[in-house]
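See below for upload_11.cif, which holds mmCIF, C-alpha atoms and all ligand atoms.
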data_input
loop_
_atom_site.group_PDB
_atom_site.id
_atom_site.type_symbol
_atom_site.label_atom_id
_atom_site.label_comp_id
_atom_site.auth_asym_id
_atom_site.auth_seq_id
_atom_site.Cartn_x
_atom_site.Cartn_y
_atom_site.Cartn_z
ATOM 1 C CA MET I 1 1.413 -0.951 -25.491
ATOM 2 C CA LEU I 2 3.461 -3.649 -27.223
ATOM 3 C CA GLY I 3 6.575 -2.868 -29.259
ATOM 4 C CA HIS I 4 8.392 -4.508 -32.148
ATOM 5 C CA VAL I 5 11.922 -5.961 -32.059
ATOM 6 C CA HIS I 6 14.846 -3.522 -31.737
ATOM 7 C CA PRO I 7 12.531 -0.559 -31.069
ATOM 8 C CA ASP I 8 13.128 2.616 -33.087
ATOM 9 C CA GLY I 9 11.927 6.199 -32.711
ATOM 10 C CA ASP I 10 8.604 5.590 -34.471
ATOM 11 C CA VAL I 11 7.439 2.621 -32.408
ATOM 12 C CA LEU I 12 8.669 4.015 -29.077
ATOM 13 C CA GLY I 13 7.453 7.559 -29.728
ATOM 14 C CA THR I 14 3.963 6.364 -30.699
ATOM 15 C CA LEU I 15 3.542 3.765 -27.927
ATOM 16 C CA LEU I 16 4.773 6.214 -25.293
ATOM 17 C CA GLY I 17 2.782 9.141 -26.736
ATOM 18 C CA LEU I 18 -0.460 7.176 -27.064
ATOM 19 C CA GLY I 19 0.167 5.364 -23.765
ATOM 20 C CA LEU I 20 0.573 8.637 -21.858
ATOM 21 C CA ALA I 21 -2.574 10.035 -23.539
ATOM 22 C CA MET I 22 -4.608 6.912 -22.680
ATOM 23 C CA GLU I 23 -3.344 7.006 -19.116
ATOM 24 C CA ALA I 24 -4.553 10.602 -18.810
ATOM 25 C CA ALA I 25 -7.938 9.320 -19.992
ATOM 26 C CA GLY I 26 -8.046 6.768 -17.166
ATOM 27 C CA TRP I 27 -6.553 3.623 -18.699
ATOM 28 C CA SER I 28 -4.055 1.518 -16.796
ATOM 29 C CA VAL I 29 -1.107 1.272 -19.189
ATOM 30 C CA THR I 30 1.848 -1.126 -19.422
ATOM 31 C CA LEU I 31 4.623 -0.526 -21.993
ATOM 32 C CA ALA I 32 6.766 -3.453 -23.106
ATOM 33 C CA GLY I 33 8.595 -5.197 -25.931
ATOM 34 C CA PRO I 34 11.163 -7.901 -26.624
ATOM 35 C CA HIS I 35 14.134 -5.485 -26.594
ATOM 36 C CA ALA I 36 15.341 -2.528 -24.524
ATOM 37 C CA VAL I 37 15.106 1.162 -25.396
ATOM 38 C CA PRO I 38 18.399 2.051 -27.144
ATOM 39 C CA GLU I 39 20.588 4.586 -25.318
ATOM 40 C CA SER I 40 20.033 7.147 -28.099
ATOM 41 C CA LEU I 41 16.245 7.171 -27.390
ATOM 42 C CA ALA I 42 16.403 7.096 -23.577
ATOM 43 C CA PHE I 43 15.490 10.809 -23.585
ATOM 44 C CA LEU I 44 11.899 9.988 -24.646
ATOM 45 C CA PRO I 45 9.569 10.948 -21.775
ATOM 46 C CA GLY I 46 8.167 7.793 -20.179
ATOM 47 C CA SER I 47 10.845 5.488 -21.647
ATOM 48 C CA GLU I 48 12.054 4.682 -18.114
ATOM 49 C CA ARG I 49 8.816 2.692 -17.747
ATOM 50 C CA TRP I 50 9.598 0.471 -20.757
ATOM 51 C CA GLN I 51 9.728 -3.212 -19.773
ATOM 52 C CA VAL I 52 11.764 -5.849 -21.611
ATOM 53 C CA TRP I 53 9.901 -9.156 -21.778
ATOM 54 C CA LYS I 54 11.376 -12.422 -22.940
ATOM 55 C CA GLN I 55 8.070 -13.971 -21.858
ATOM 56 C CA ALA I 56 4.690 -12.327 -21.324
ATOM 57 C CA PRO I 57 3.735 -12.160 -17.614
ATOM 58 C CA ARG I 58 -0.047 -12.244 -18.215
ATOM 59 C CA THR I 59 -2.772 -11.638 -20.801
ATOM 60 C CA TYR I 60 -4.427 -8.256 -21.463
ATOM 61 C CA ASP I 61 -7.918 -6.909 -22.285
ATOM 62 C CA MET I 62 -6.480 -4.550 -24.849
ATOM 63 C CA ILE I 63 -3.193 -4.666 -26.729
ATOM 64 C CA VAL I 64 -2.053 -1.694 -28.793
ATOM 65 C CA LEU I 65 0.616 -2.195 -31.447
ATOM 66 C CA THR I 66 1.999 0.667 -33.503
ATOM 67 C CA ASP I 67 4.480 0.515 -36.410
ATOM 68 C CA CYS I 68 4.401 -3.302 -36.213
ATOM 69 C CA PRO I 69 3.657 -5.122 -39.513
ATOM 70 C CA ASN I 70 3.182 -8.652 -38.149
ATOM 71 C CA ASP I 71 3.085 -10.671 -34.937
ATOM 72 C CA GLU I 72 6.536 -12.250 -35.548
ATOM 73 C CA ARG I 73 8.011 -8.790 -35.022
ATOM 74 C CA THR I 74 6.923 -9.055 -31.352
ATOM 75 C CA GLU I 75 8.848 -12.342 -30.958
ATOM 76 C CA GLY I 76 5.705 -14.134 -29.806
ATOM 77 C CA LEU I 77 4.582 -11.532 -27.238
ATOM 78 C CA LEU I 78 1.348 -10.695 -29.099
ATOM 79 C CA ALA I 79 0.303 -14.355 -29.231
ATOM 80 C CA ALA I 80 1.169 -14.725 -25.539
ATOM 81 C CA THR I 81 -0.712 -11.605 -24.347
ATOM 82 C CA ARG I 82 -3.911 -11.903 -26.421
ATOM 83 C CA THR I 83 -6.964 -14.048 -25.631
ATOM 84 C CA PRO I 84 -10.007 -14.578 -27.895
ATOM 85 C CA ASN I 85 -11.613 -11.669 -25.992
ATOM 86 C CA SER I 86 -8.702 -9.223 -26.230
ATOM 87 C CA ALA I 87 -9.086 -6.081 -28.290
ATOM 88 C CA VAL I 88 -5.994 -5.779 -30.494
ATOM 89 C CA LEU I 89 -5.464 -2.329 -32.015
ATOM 90 C CA ASN I 90 -3.059 -2.382 -34.974
ATOM 91 C CA VAL I 91 -1.984 1.119 -36.101
ATOM 92 C CA ASP I 92 0.698 1.072 -38.788
ATOM 93 C CA HIS I 93 2.039 2.581 -42.011
ATOM 94 C CA HIS I 94 3.785 -0.514 -43.443
ATOM 95 C CA PRO I 95 2.168 -1.538 -46.762
ATOM 96 C CA ASP I 96 2.869 -5.217 -45.967
ATOM 97 C CA ASN I 97 1.029 -5.104 -42.620
ATOM 98 C CA ARG I 98 -0.674 -8.466 -42.075
ATOM 99 C CA ARG I 99 -3.814 -7.070 -40.397
ATOM 100 C CA TYR I 100 -3.594 -9.231 -37.322
ATOM 101 C CA GLY I 101 -5.687 -6.900 -35.139
ATOM 102 C CA THR I 102 -9.319 -6.909 -34.103
ATOM 103 C CA LEU I 103 -9.099 -3.380 -35.463
ATOM 104 C CA ASP I 104 -6.545 -2.619 -38.200
ATOM 105 C CA TRP I 105 -5.794 0.951 -39.232
ATOM 106 C CA ILE I 106 -3.113 0.896 -41.924
ATOM 107 C CA ASP I 107 -2.119 4.034 -43.814
ATOM 108 C CA PRO I 108 0.950 3.543 -46.059
ATOM 109 C CA THR I 109 0.769 7.221 -47.080
ATOM 110 C CA ALA I 110 1.748 8.263 -43.539
ATOM 111 C CA ALA I 111 5.469 9.073 -43.301
ATOM 112 C CA ALA I 112 5.514 7.664 -39.776
ATOM 113 C CA THR I 113 3.041 5.977 -37.463
ATOM 114 C CA GLY I 114 3.606 9.159 -35.438
ATOM 115 C CA GLU I 115 1.423 11.094 -37.900
ATOM 116 C CA MET I 116 -1.434 8.621 -37.457
ATOM 117 C CA VAL I 117 -1.218 8.551 -33.670
ATOM 118 C CA TYR I 118 -1.196 12.358 -33.563
ATOM 119 C CA ASP I 119 -4.410 12.489 -35.617
ATOM 120 C CA LEU I 120 -5.899 9.764 -33.387
ATOM 121 C CA ILE I 121 -5.127 11.621 -30.159
ATOM 122 C CA ARG I 122 -6.612 14.822 -31.614
ATOM 123 C CA ALA I 123 -9.720 12.997 -32.877
ATOM 124 C CA LEU I 124 -10.223 11.532 -29.391
ATOM 125 C CA ASP I 125 -9.837 15.048 -27.990
ATOM 126 C CA LEU I 126 -7.105 13.924 -25.600
ATOM 127 C CA PRO I 127 -4.663 16.576 -24.333
ATOM 128 C CA VAL I 128 -1.245 16.764 -26.043
ATOM 129 C CA THR I 129 1.207 17.428 -23.208
ATOM 130 C CA PRO I 130 4.832 18.418 -23.950
ATOM 131 C CA ALA I 131 5.852 14.825 -23.051
ATOM 132 C CA ILE I 132 3.428 13.425 -25.652
ATOM 133 C CA ALA I 133 4.487 16.065 -28.208
ATOM 134 C CA ILE I 134 8.195 15.182 -27.821
ATOM 135 C CA ASN I 135 7.436 11.479 -28.321
ATOM 136 C CA LEU I 136 5.356 11.995 -31.474
ATOM 137 C CA PHE I 137 7.749 14.608 -32.888
ATOM 138 C CA THR I 138 10.649 12.154 -32.457
ATOM 139 C CA ALA I 139 8.640 9.358 -34.150
ATOM 140 C CA ILE I 140 8.150 11.557 -37.228
ATOM 141 C CA HIS I 141 11.668 13.033 -37.101
ATOM 142 C CA THR I 142 13.366 9.619 -37.159
ATOM 143 C CA ASP I 143 11.179 7.917 -39.826
ATOM 144 C CA THR I 144 11.585 10.862 -42.231
ATOM 145 C CA GLY I 145 15.381 11.064 -41.806
ATOM 146 C CA SER I 146 14.937 14.473 -40.157
ATOM 147 C CA PHE I 147 12.288 15.530 -42.718
ATOM 148 C CA ARG I 148 14.588 14.749 -45.677
ATOM 149 C CA TYR I 149 13.116 11.599 -47.280
ATOM 150 C CA SER I 150 10.427 11.430 -49.971
ATOM 151 C CA ASN I 151 7.814 10.322 -47.421
ATOM 152 C CA THR I 152 7.902 13.866 -46.002
ATOM 153 C CA THR I 153 4.725 15.721 -47.019
ATOM 154 C CA ALA I 154 2.731 18.832 -46.199
ATOM 155 C CA ARG I 155 0.891 16.666 -43.653
ATOM 156 C CA THR I 156 4.237 15.862 -42.010
ATOM 157 C CA PHE I 157 5.075 19.536 -41.576
ATOM 158 C CA ARG I 158 1.549 20.431 -40.476
ATOM 159 C CA ILE I 159 1.713 17.856 -37.689
ATOM 160 C CA ALA I 160 5.332 18.696 -36.779
ATOM 161 C CA SER I 161 4.320 22.352 -36.554
ATOM 162 C CA GLU I 162 1.399 21.567 -34.241
ATOM 163 C CA LEU I 163 3.593 19.319 -32.096
ATOM 164 C CA THR I 164 6.136 22.125 -31.818
ATOM 165 C CA ALA I 165 3.352 24.430 -30.623
ATOM 166 C CA PHE I 166 2.402 21.741 -28.066
ATOM 167 C CA GLY I 167 5.923 21.811 -26.604
ATOM 168 C CA ALA I 168 8.211 19.583 -28.687
ATOM 169 C CA GLU I 169 11.499 21.452 -29.139
ATOM 170 C CA PRO I 170 13.045 20.484 -32.507
ATOM 171 C CA ALA I 171 16.571 21.593 -31.571
ATOM 172 C CA LEU I 172 16.420 19.646 -28.311
ATOM 173 C CA VAL I 173 15.268 16.462 -30.090
ATOM 174 C CA SER I 174 18.039 16.860 -32.726
ATOM 175 C CA ASP I 175 20.554 17.414 -29.953
ATOM 176 C CA TRP I 176 19.519 14.205 -28.171
ATOM 177 C CA LEU I 177 19.464 12.193 -31.387
ATOM 178 C CA TYR I 178 22.630 13.416 -33.085
ATOM 179 C CA GLN I 179 24.856 15.412 -30.747
ATOM 180 C CA ARG I 180 25.462 12.958 -27.912
ATOM 181 C CA ARG I 181 27.972 10.572 -29.474
ATOM 182 C CA PRO I 182 30.587 9.010 -27.241
ATOM 183 C CA ALA I 183 34.079 10.264 -28.131
ATOM 184 C CA ASP I 184 35.230 6.994 -29.721
ATOM 185 C CA ALA I 185 32.239 6.891 -32.111
ATOM 186 C CA LEU I 186 33.914 9.123 -34.701
ATOM 187 C CA ARG I 187 37.000 6.913 -34.783
ATOM 188 C CA MET I 188 34.763 3.852 -35.315
ATOM 189 C CA LEU I 189 32.852 5.760 -37.981
ATOM 190 C CA GLY I 190 36.122 6.410 -39.830
ATOM 191 C CA GLU I 191 37.065 2.742 -39.562
ATOM 192 C CA VAL I 192 33.643 1.555 -40.783
ATOM 193 C CA LEU I 193 33.171 4.078 -43.633
ATOM 194 C CA ARG I 194 36.400 2.931 -45.342
ATOM 195 C CA ARG I 195 34.379 -0.166 -46.256
ATOM 196 C CA VAL I 196 31.755 1.577 -48.376
ATOM 197 C CA ARG I 197 31.725 0.126 -51.897
ATOM 198 C CA VAL I 198 29.999 1.302 -55.083
ATOM 199 C CA SER I 199 29.039 -0.846 -58.086
ATOM 200 C CA ALA I 200 30.838 -0.200 -61.406
ATOM 201 C CA ASP I 201 27.725 1.485 -62.862
ATOM 202 C CA GLY I 202 27.239 3.588 -59.746
ATOM 203 C CA ASP I 203 23.699 2.302 -59.134
ATOM 204 C CA VAL I 204 24.360 0.428 -55.879
ATOM 205 C CA ALA I 205 26.398 1.364 -52.807
ATOM 206 C CA TRP I 206 26.873 -0.974 -49.888
ATOM 207 C CA LEU I 207 28.588 -1.255 -46.568
ATOM 208 C CA ALA I 208 29.384 -4.638 -45.020
ATOM 209 C CA VAL I 209 30.332 -4.414 -41.339
ATOM 210 C CA PRO I 210 32.106 -7.469 -39.879
ATOM 211 C CA HIS I 211 31.211 -8.527 -36.343
ATOM 212 C CA GLY I 212 33.613 -7.000 -33.829
ATOM 213 C CA LEU I 213 34.826 -4.144 -36.040
ATOM 214 C CA ALA I 214 32.840 -1.668 -33.941
ATOM 215 C CA THR I 215 30.868 -1.992 -30.699
ATOM 216 C CA ASP I 216 27.232 -3.160 -30.832
ATOM 217 C CA ALA I 217 26.202 0.097 -29.172
ATOM 218 C CA PHE I 218 27.876 2.051 -31.989
ATOM 219 C CA VAL I 219 26.347 -0.048 -34.773
ATOM 220 C CA SER I 220 22.823 0.220 -33.309
ATOM 221 C CA ALA I 221 23.114 3.955 -32.535
ATOM 222 C CA GLU I 222 24.441 5.045 -35.946
ATOM 223 C CA ASP I 223 22.104 4.976 -38.940
ATOM 224 C CA LEU I 224 25.004 3.626 -41.023
ATOM 225 C CA VAL I 225 22.968 2.958 -44.180
ATOM 226 C CA THR I 226 22.587 6.725 -44.634
ATOM 227 C CA TYR I 227 26.268 6.936 -45.740
ATOM 228 C CA PRO I 228 26.113 4.688 -48.832
ATOM 229 C CA ARG I 229 22.674 6.233 -49.451
ATOM 230 C CA SER I 230 24.235 9.722 -49.551
ATOM 231 C CA ILE I 231 26.353 9.032 -52.662
ATOM 232 C CA GLY I 232 25.066 10.882 -55.743
ATOM 233 C CA GLY I 233 23.425 8.698 -58.408
ATOM 234 C CA VAL I 234 23.044 5.697 -56.115
ATOM 235 C CA LYS I 235 19.647 4.037 -56.597
ATOM 236 C CA VAL I 236 19.848 1.400 -53.858
ATOM 237 C CA ALA I 237 21.932 1.484 -50.678
ATOM 238 C CA VAL I 238 22.604 -1.592 -48.555
ATOM 239 C CA LEU I 239 23.971 -2.042 -45.051
ATOM 240 C CA LEU I 240 24.974 -5.554 -43.953
ATOM 241 C CA ARG I 241 25.764 -6.070 -40.277
ATOM 242 C CA GLU I 242 27.323 -9.356 -39.223
ATOM 243 C CA GLU I 243 25.791 -10.362 -35.895
ATOM 244 C CA GLY I 244 28.048 -13.339 -35.228
ATOM 245 C CA SER I 245 26.594 -16.885 -35.144
ATOM 246 C CA GLY I 246 25.995 -16.826 -38.912
ATOM 247 C CA ILE I 247 23.357 -14.081 -38.905
ATOM 248 C CA VAL I 248 23.585 -10.958 -41.059
ATOM 249 C CA LYS I 249 21.110 -8.102 -40.638
ATOM 250 C CA VAL I 250 20.402 -6.203 -43.815
ATOM 251 C CA SER I 251 19.008 -2.690 -44.280
ATOM 252 C CA LEU I 252 17.918 -1.557 -47.749
ATOM 253 C CA ARG I 253 17.231 2.013 -48.815
ATOM 254 C CA GLY I 254 15.793 3.174 -52.138
ATOM 255 C CA LYS I 255 15.230 6.525 -53.806
ATOM 256 C CA ASP I 256 11.893 5.985 -55.591
ATOM 257 C CA GLU I 257 13.695 3.977 -58.319
ATOM 258 C CA VAL I 258 13.025 0.387 -57.215
ATOM 259 C CA PRO I 259 10.794 -0.747 -54.337
ATOM 260 C CA VAL I 260 13.366 -2.207 -51.954
ATOM 261 C CA ASN I 261 10.702 -3.976 -49.861
ATOM 262 C CA ARG I 262 10.289 -6.418 -52.776
ATOM 263 C CA ILE I 263 13.976 -7.296 -52.442
ATOM 264 C CA ALA I 264 13.574 -7.720 -48.664
ATOM 265 C CA HIS I 265 10.513 -9.954 -49.173
ATOM 266 C CA ARG I 266 12.668 -12.415 -51.160
ATOM 267 C CA PHE I 267 14.658 -12.971 -47.956
ATOM 268 C CA GLY I 268 11.627 -13.173 -45.669
ATOM 269 C CA GLY I 269 11.881 -9.534 -44.557
ATOM 270 C CA GLY I 270 9.735 -6.503 -45.287
ATOM 271 C CA GLY I 271 9.283 -2.778 -44.968
ATOM 272 C CA HIS I 272 8.465 0.244 -47.095
ATOM 273 C CA GLU I 273 9.160 1.002 -50.767
ATOM 274 C CA ASN I 274 12.209 3.086 -49.859
ATOM 275 C CA ALA I 275 13.235 1.551 -46.514
ATOM 276 C CA ALA I 276 13.196 -2.169 -45.843
ATOM 277 C CA GLY I 277 15.154 -4.883 -44.101
ATOM 278 C CA CYS I 278 15.707 -8.598 -43.713
ATOM 279 C CA THR I 279 17.869 -11.125 -41.913
ATOM 280 C CA VAL I 280 20.088 -13.480 -43.939
ATOM 281 C CA ARG I 281 21.866 -16.634 -42.733
ATOM 282 C CA GLY I 282 25.463 -17.207 -43.805
ATOM 283 C CA THR I 283 28.817 -15.479 -43.702
ATOM 284 C CA LEU I 284 29.063 -11.756 -44.345
ATOM 285 C CA ASP I 285 30.514 -12.414 -47.822
ATOM 286 C CA GLU I 286 27.740 -14.879 -48.691
ATOM 287 C CA ALA I 287 24.998 -12.547 -47.492
ATOM 288 C CA THR I 288 26.552 -9.615 -49.372
ATOM 289 C CA ALA I 289 26.738 -11.620 -52.613
ATOM 290 C CA ALA I 290 23.147 -12.890 -52.258
ATOM 291 C CA VAL I 291 21.639 -9.494 -51.480
ATOM 292 C CA LEU I 292 23.629 -7.661 -54.171
ATOM 293 C CA ALA I 293 22.507 -10.271 -56.731
ATOM 294 C CA ALA I 294 18.873 -9.658 -55.748
ATOM 295 C CA VAL I 295 19.380 -5.887 -55.947
ATOM 296 C CA GLY I 296 20.947 -6.325 -59.398
ATOM 297 C CA LEU I 297 17.939 -8.354 -60.593
ATOM 298 C CA ALA I 298 15.524 -5.740 -59.251
ATOM 299 C CA LEU I 299 17.392 -2.953 -61.061
ATOM 300 C CA GLU I 300 17.482 -5.006 -64.288
ATOM 301 C CA ALA I 301 13.736 -5.678 -64.088
ATOM 302 C CA LYS I 302 13.201 -1.945 -63.686
ATOM 303 C CA ALA I 303 15.414 -1.161 -66.698
HETATM 304 P P1 LIG I 401 15.841 -0.815 -40.751
HETATM 305 O O1 LIG I 401 16.673 -0.982 -41.980
HETATM 306 O O2 LIG I 401 16.144 -1.828 -39.683
HETATM 307 O O3 LIG I 401 15.848 0.593 -40.263
HETATM 308 O O4 LIG I 401 14.343 -1.127 -41.177
HETATM 309 C C1 LIG I 401 13.731 -0.432 -42.231
HETATM 310 C C2 LIG I 401 12.317 -0.944 -42.400
HETATM 311 O O5 LIG I 401 12.341 -2.307 -42.764
HETATM 312 C C3 LIG I 401 11.451 -0.852 -41.145
HETATM 313 O O6 LIG I 401 10.213 -0.339 -41.526
HETATM 314 C C4 LIG I 401 11.314 -2.277 -40.656
HETATM 315 O O7 LIG I 401 10.018 -2.525 -40.197
HETATM 316 C C5 LIG I 401 11.580 -3.109 -41.879
HETATM 317 N N1 LIG I 401 12.377 -4.299 -41.528
HETATM 318 C C6 LIG I 401 13.666 -4.333 -41.147
HETATM 319 N N2 LIG I 401 14.095 -5.588 -40.910
HETATM 320 C C7 LIG I 401 13.031 -6.396 -41.126
HETATM 321 C C8 LIG I 401 12.811 -7.821 -41.034
HETATM 322 N N3 LIG I 401 13.787 -8.664 -40.667
HETATM 323 N N4 LIG I 401 11.563 -8.268 -41.326
HETATM 324 C C9 LIG I 401 10.579 -7.437 -41.696
HETATM 325 N N5 LIG I 401 10.721 -6.100 -41.811
HETATM 326 C C10 LIG I 401 11.920 -5.573 -41.534
HETATM 327 MN MN MN I 402 9.799 0.787 -36.574
HETATM 328 MN MN MN I 403 7.606 3.579 -38.876
#

This structure in structure tokens:
Amino acid sequence: MLGHVHPDGDVLGTLLGLGLAMEAAGWSVTLAGPHAVPESLAFLPGSERWQVWKQAPRTYDMIVLTDCPNDERTEGLLAATRTPNSAVLNVDHHPDNRRYGTLDWIDPTAAATGEMVYDLIRALDLPVTPAIAINLFTAIHTDTGSFRYSNTTARTFRIASELTAFGAEPALVSDWLYQRRPADALRMLGEVLRRVRVSADGDVAWLAVPHGLATDAFVSAEDLVTYPRSIGGVKVAVLLREEGSGIVKVSLRGKDEVPVNRIAHRFGGGGHENAAGCTVRGTLDEATAAVLAAVGLALEAKA
């Protein structure tokens, strides 16, 4: 079970959920990726088994990737673990998935890969234990912004309902995700949110976070792009995080007005119509100017 860079709730929840189900069916399962499980997702059952690989220790007969649009997002681990005889199962909901598997199952209508993996486990008639249910529920919960974004459908609620019946406790998951902040996080939040800016026409809101303003743990735990996104009338929200060493990580969020993945593609990134990202080289000011110019062009083209 091979994860993508900076693992989120969807990739971890689906790899752990499917991994635990396959293990129950007799498979010998290893879970790994290029980066560690973030503190905010350490509650996921089985996450203590997650291995961080900078290099692959061996090759595998079968490699399962979920929520991973291309092999670069594994930082070379897919290329290093697969042989010409490996089965590579690619289960994803990104529309720009590059179909690198020996079997590719791509469904961009799924709100989260968690929906697909739930249907897969049920179709295989594997048992859904509470540990599996919590993992898949969290995958769906995080990719839908707690069931608030436009990717949330009747299918989402049908599956969430069944997972709840199988032992996922929604309040417990929300508590782990959102009610376990360290005390200094609110002070940092105040400091960071003063930097939210809105364009003169109100169409674009952005937040540029200089390196060192807040701790890395804070910046990775908080879904900071949700704040500019929450402003009424805003069509595109942007978060720019300065990593140091001339790298700026960019998150883009749309509201069914312009497909923000097209903007991300211009910078070599990718994602969904309403949630995408890319990495830009340069200073924070340069990256902000370049991305805002591209957002402006996309909005103009739409108008
Ligand atoms: P994020 O803004 O990091 O939460 O990512 C939102 C979406 O954009 C996810 O579906 C990611 O897969 C995708 N994404 C983020 N950064 C990149 C990148 N550098 N390259 C390709 N896709 C990305
Ligand atoms: Mn993901
Ligand atoms: Mn996803």

Discussion item. Evaluate the PyMOL selection byres (((chain I and resi 124-141) around 7) and not hetatm) against this structure - the residues, as a PyMOL selection string, please.
Written reply: chain I and resi 9-10+13-14+16-17+20-21+44-45+112+114-115+118+120-123+142-147+160+163+166-168+173

Worksheet entry | Explicit residue set for the PyMOL selection byres (((chain I and resi 103) around 12) and not hetatm), as a ChimeraX atom specification | /I:62-66,86-92,98-102,104-106

Item to complete: Check which residues satisfy the PyMOL selection byres (((chain I and resi 226) around 9) and not hetatm) in the file shown, then give them as a VMD selection string.
Response: chain I and resid 145 223 to 225 227 to 230 237 239 253

Worksheet item: So how far away is atom CA of I:Arg49 from atom CA of I:Thr164, in Å?
Response: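 Those two atoms sit 24.1 Å apart.
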
Discussion item. Please determine, counting only C-alpha atoms and all ligand atoms, which residue among I:Val196, I:Val52, I:Ala276, I:Ile231 has the shortest atom-to-atom distance to ligand MN 402 (chain I).
Written reply: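 Going through I:Val196, I:Val52, I:Ala276, I:Ile231 one by one, the smallest distance to ligand MN 402 (chain I) is for I:Ala276.
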
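Every residue within 10 Å of the file position (12.4, 2.7, -20.0), judged by only C-alpha atoms, is given as Leu12, Leu16, Leu31, Ala32, Ala36, Val37, Pro38, Glu39, Leu41, Ala42, Phe43, Leu44, Pro45, Gly46, Ser47, Glu48, Arg49, Trp50, Gln51 and Val52 of chain I.
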
Worksheet item: Nearest to I:Leu77 among I:Asn261, I:Ser40, I:Ser251, I:Thr59, with distances taken over all atoms listed in the file: which residue is it?
Response: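 Smallest distance to I:Leu77 is found for I:Thr59.
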